[in-house]
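File shown: final22.pdb (PDB, C-alpha atoms, pLDDT in the B column).
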```pdb
ATOM      1  CA  MET Q 964      33.323 -26.385  79.200  1.00 79.00           C
ATOM      2  CA  THR Q 965      30.702 -28.823  77.944  1.00 85.00           C
ATOM      3  CA  VAL Q 966      31.323 -31.049  74.991  1.00 90.00           C
ATOM      4  CA  VAL Q 967      28.683 -31.266  72.276  1.00 89.00           C
ATOM      5  CA  LYS Q 968      28.297 -34.824  71.074  1.00 92.00           C
ATOM      6  CA  ALA Q 969      26.823 -36.210  67.866  1.00 92.00           C
ATOM      7  CA  LYS Q 970      23.741 -37.276  69.816  1.00 94.00           C
ATOM      8  CA  ASP Q 971      23.042 -33.631  70.662  1.00 93.00           C
ATOM      9  CA  TYR Q 972      23.162 -32.636  67.000  1.00 94.00           C
ATOM     10  CA  ILE Q 973      20.748 -35.410  66.092  1.00 96.00           C
ATOM     11  CA  LEU Q 974      18.375 -34.447  68.906  1.00 96.00           C
ATOM     12  CA  SER Q 975      18.388 -30.816  67.798  1.00 95.00           C
ATOM     13  CA  VAL Q 976      17.484 -31.736  64.213  1.00 96.00           C
ATOM     14  CA  VAL Q 977      14.727 -34.077  65.416  1.00 97.00           C
ATOM     15  CA  ALA Q 978      13.408 -31.381  67.788  1.00 96.00           C
ATOM     16  CA  PHE Q 979      13.317 -28.879  64.919  1.00 97.00           C
ATOM     17  CA  PHE Q 980      11.223 -31.193  62.756  1.00 97.00           C
ATOM     18  CA  VAL Q 981       8.917 -32.141  65.635  1.00 97.00           C
ATOM     19  CA  VAL Q 982       8.230 -28.500  66.508  1.00 97.00           C
ATOM     20  CA  THR Q 983       7.663 -27.547  62.878  1.00 97.00           C
ATOM     21  CA  LEU Q 984       5.562 -30.527  61.794  1.00 97.00           C
ATOM     22  CA  CYS Q 985       3.414 -30.580  64.922  1.00 97.00           C
ATOM     23  CA  GLY Q 986       2.756 -26.844  64.545  1.00 97.00           C
ATOM     24  CA  ALA Q 987       1.748 -27.429  60.932  1.00 97.00           C
ATOM     25  CA  THR Q 988      -0.517 -30.305  61.980  1.00 97.00           C
ATOM     26  CA  ILE Q 989      -2.296 -28.146  64.557  1.00 98.00           C
ATOM     27  CA  GLY Q 990      -2.782 -25.435  61.915  1.00 97.00           C
ATOM     28  CA  LEU Q 991      -4.143 -28.002  59.474  1.00 97.00           C
ATOM     29  CA  ILE Q 992      -6.620 -29.324  62.034  1.00 97.00           C
ATOM     30  CA  PHE Q 993      -7.900 -25.864  62.959  1.00 97.00           C
ATOM     31  CA  GLY Q 994      -8.109 -24.870  59.292  1.00 96.00           C
ATOM     32  CA  LEU Q 995     -10.218 -27.927  58.474  1.00 96.00           C
ATOM     33  CA  VAL Q 996     -12.444 -27.282  61.511  1.00 96.00           C
ATOM     34  CA  THR Q 997     -12.939 -23.737  60.237  1.00 95.00           C
ATOM     35  CA  ALA Q 998     -13.938 -25.070  56.827  1.00 93.00           C
ATOM     36  CA  LEU Q 999     -16.479 -27.397  58.435  1.00 94.00           C
ATOM     37  CA  VAL Q1000     -17.893 -24.669  60.674  1.00 93.00           C
ATOM     38  CA  THR Q1001     -18.292 -22.211  57.800  1.00 91.00           C
ATOM     39  CA  ARG Q1002     -19.943 -24.912  55.737  1.00 90.00           C
ATOM     40  CA  ILE Q1003     -22.752 -25.424  58.261  1.00 90.00           C
ATOM     41  CA  THR Q1004     -23.332 -21.727  59.049  1.00 86.00           C
ATOM     42  CA  THR Q1005     -25.464 -20.942  56.000  1.00 81.00           C
ATOM     43  CA  ASN Q1006     -28.371 -19.812  58.202  1.00 85.00           C
ATOM     44  CA  VAL Q1007     -26.247 -17.739  60.596  1.00 85.00           C
ATOM     45  CA  ARG Q1008     -23.908 -15.650  58.452  1.00 83.00           C
ATOM     46  CA  VAL Q1009     -22.876 -13.433  61.372  1.00 87.00           C
ATOM     47  CA  VAL Q1010     -20.735 -16.233  62.824  1.00 88.00           C
ATOM     48  CA  GLU Q1011     -18.561 -16.682  59.738  1.00 88.00           C
ATOM     49  CA  PRO Q1012     -16.068 -13.817  60.267  1.00 91.00           C
ATOM     50  CA  LEU Q1013     -15.851 -14.678  63.937  1.00 91.00           C
ATOM     51  CA  ALA Q1014     -15.136 -18.317  63.123  1.00 90.00           C
ATOM     52  CA  LEU Q1015     -12.376 -17.452  60.643  1.00 92.00           C
ATOM     53  CA  LEU Q1016     -10.569 -15.078  62.961  1.00 92.00           C
ATOM     54  CA  ALA Q1017     -11.160 -17.018  66.179  1.00 95.00           C
ATOM     55  CA  PHE Q1018     -10.006 -20.378  64.832  1.00 95.00           C
ATOM     56  CA  ALA Q1019      -6.885 -18.801  63.362  1.00 95.00           C
ATOM     57  CA  TYR Q1020      -6.062 -17.292  66.750  1.00 96.00           C
ATOM     58  CA  LEU Q1021      -6.890 -20.564  68.520  1.00 97.00           C
ATOM     59  CA  SER Q1022      -4.541 -22.329  66.137  1.00 97.00           C
ATOM     60  CA  TYR Q1023      -1.738 -20.039  67.245  1.00 97.00           C
ATOM     61  CA  LEU Q1024      -2.605 -20.417  70.925  1.00 97.00           C
ATOM     62  CA  GLY Q1025      -2.958 -24.195  70.685  1.00 96.00           C
ATOM     63  CA  ALA Q1026       0.461 -24.577  69.116  1.00 97.00           C
ATOM     64  CA  GLU Q1027       2.090 -22.259  71.634  1.00 96.00           C
ATOM     65  CA  LEU Q1028       0.361 -24.078  74.480  1.00 96.00           C
ATOM     66  CA  PHE Q1029       2.233 -27.266  73.628  1.00 96.00           C
ATOM     67  CA  HIS Q1030       5.484 -25.406  72.753  1.00 95.00           C
ATOM     68  CA  PHE Q1031       5.196 -26.011  69.031  1.00 96.00           C
ATOM     69  CA  SER Q1032       5.592 -23.342  66.364  1.00 96.00           C
ATOM     70  CA  GLY Q1033       2.665 -20.948  66.609  1.00 96.00           C
ATOM     71  CA  ILE Q1034       3.732 -19.014  63.528  1.00 97.00           C
ATOM     72  CA  ILE Q1035       3.861 -22.141  61.361  1.00 97.00           C
ATOM     73  CA  SER Q1036       0.498 -23.174  62.777  1.00 97.00           C
ATOM     74  CA  LEU Q1037      -1.022 -19.799  61.939  1.00 96.00           C
ATOM     75  CA  ILE Q1038       0.390 -19.831  58.402  1.00 97.00           C
ATOM     76  CA  VAL Q1039      -0.889 -23.348  57.675  1.00 97.00           C
ATOM     77  CA  CYS Q1040      -4.290 -22.523  59.176  1.00 97.00           C
ATOM     78  CA  GLY Q1041      -4.499 -19.430  56.963  1.00 95.00           C
ATOM     79  CA  LEU Q1042      -3.547 -21.396  53.869  1.00 97.00           C
ATOM     80  CA  VAL Q1043      -6.198 -24.038  54.579  1.00 96.00           C
ATOM     81  CA  GLN Q1044      -8.782 -21.355  55.305  1.00 94.00           C
ATOM     82  CA  ALA Q1045      -7.960 -19.558  52.070  1.00 93.00           C
ATOM     83  CA  GLN Q1046      -8.326 -22.785  50.116  1.00 94.00           C
ATOM     84  CA  TYR Q1047     -11.483 -24.182  51.734  1.00 92.00           C
ATOM     85  CA  ALA Q1048     -13.212 -21.860  54.210  1.00 88.00           C
ATOM     86  CA  PHE Q1049     -13.389 -18.725  52.051  1.00 86.00           C
ATOM     87  CA  GLN Q1050     -15.438 -20.631  49.490  1.00 89.00           C
ATOM     88  CA  ASN Q1051     -18.100 -21.275  52.135  1.00 88.00           C
ATOM     89  CA  ILE Q1052     -18.632 -17.721  53.397  1.00 89.00           C
ATOM     90  CA  SER Q1053     -20.844 -14.979  52.017  1.00 87.00           C
ATOM     91  CA  ASP Q1054     -19.627 -11.837  50.288  1.00 89.00           C
ATOM     92  CA  LYS Q1055     -20.494  -9.710  53.333  1.00 89.00           C
ATOM     93  CA  SER Q1056     -18.457 -11.961  55.602  1.00 88.00           C
ATOM     94  CA  TYR Q1057     -15.525 -11.867  53.189  1.00 88.00           C
ATOM     95  CA  THR Q1058     -15.655  -8.069  53.137  1.00 91.00           C
ATOM     96  CA  CYS Q1059     -15.803  -7.976  56.934  1.00 89.00           C
ATOM     97  CA  VAL Q1060     -12.736 -10.213  57.286  1.00 87.00           C
ATOM     98  CA  LYS Q1061     -10.861  -8.265  54.605  1.00 88.00           C
ATOM     99  CA  TYR Q1062     -11.432  -4.889  56.255  1.00 89.00           C
ATOM    100  CA  PHE Q1063     -10.739  -6.254  59.740  1.00 87.00           C
ATOM    101  CA  THR Q1064      -7.357  -7.577  58.665  1.00 84.00           C
ATOM    102  CA  LYS Q1065      -6.546  -4.268  56.959  1.00 87.00           C
ATOM    103  CA  MET Q1066      -7.518  -2.408  60.126  1.00 88.00           C
ATOM    104  CA  ALA Q1067      -5.301  -4.657  62.257  1.00 75.00           C
ATOM    105  CA  ARG Q1068      -2.172  -3.636  60.363  1.00 70.00           C
TER     106      ARG Q1068
END
```
Exercise: express the given structure as structure tokens:
Amino acid sequence: MTVVKAKDYILSVVAFFVVTLCGATIGLIFGLVTALVTRITTNVRVVEPLALLAFAYLSYLGAELFHFSGIISLIVCGLVQAQYAFQNISDKSYTCVKYFTKMAR
């Protein structure tokens, strides 16, 4: 039987915070990139829904690729997108994203 030492408890707590905070950082980065992309797509409105959905999915995949929390990354990316990116898109793009997410349920 293996003995669990105090060092193992400390490493598990540190690993928890690393996985969580790095996942949140990846989500924050992808959310800010989405806000920048939607800000410069005023001439090409067709790209806006694609950018919102694709960058959210890439946030999840990027976090999972490095074994961080993909769910935390996706939540943080969605929060950043809701705060910044949705202000930059047109009404048609907002409607498209809204109905696509309802359809995906």
Q: Tell me which of Q:Ser1056, Q:Thr1064, Q:Asn1051, Q:Gln1044 sits closest to Q:Arg1002, counting only C-alpha atoms.
A: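 Between Q:Ser1056, Q:Thr1064, Q:Asn1051, Q:Gln1044, the residue approaching Q:Arg1002 most closely is Q:Asn1051.
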**Q.** Reference answer for the PyMOL selection byres ((chain Q and resi 1005-1009) around 12), as JSON, numbers by chain
**A.** {"Q": [999, 1000, 1001, 1002, 1003, 1004, 1010, 1011, 1012, 1013, 1014, 1015, 1050, 1051, 1052, 1053, 1054, 1055, 1056, 1057, 1059, 1060]}
Q.
Ranking Q:Tyr1047, Q:Phe980, Q:Tyr1062, Q:Phe993 by minimum distance to Q:Tyr1023 and counting all atoms listed in the file, which one comes first?
A.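 Of the candidates, the smallest distance to Q:Tyr1023 is held by Q:Phe993.
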(Q) Please enumerate the residues selected by the PyMOL selection byres ((chain Q and resi 995) around 12) when evaluated against the supplied file, formatted as a VMD selection string. (A) chain Q and resid 988 to 994 996 to 1002 1014 to 1015 1018 to 1019 1022 1039 to 1049
Q) Any idea what's packed within 9 Å of Q:Gly1025, counting only C-alpha atoms, ignoring anything in its chain fewer than 3 positions away? Could you give it as a list in words? A)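 The contact residues come out as Gly986, Ile989, Gly990, Tyr1020, Leu1021, Ser1022, Leu1028, Phe1029, His1030, Phe1031, Gly1033 and Ser1036 of chain Q.
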Q. Leaving out Q:Ser1032 and any residue of its chain fewer than 5 positions from it, which residues lie within 8 Å of it when counting all atoms listed in the file, given as a PyMOL selection string?
A. chain Q and resi 982-983+985-987+1026-1027
Quick one: 8 Å padding each side, axis-aligned, all listed atoms of stretch 1038-1046 of chain Q - centre and edge lengths in Å to one decimal, as JSON?
```
{"center_x": -4.2, "center_y": -21.7, "center_z": 54.6, "size_x": 25.2, "size_y": 20.6, "size_z": 25.1}
```
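For the choices Q:Val976, Q:Val967, Q:Met1066, Q:Leu1037, the atom-to-atom distance to Q:Ala1017 is smallest for Q:Leu1037 when using all atoms listed in the file.
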Q. So how many Å separate atom CA of Q:Leu1016 and atom CA of Q:Ala1067, to one decimal?
A. 11.7 Å
Q: State, in Å with one decimal place, the distance from atom CA of Q:Leu1024 to atom CA of Q:Ile1038.
A: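 Distance reported for this atom pair: 12.9 Å.
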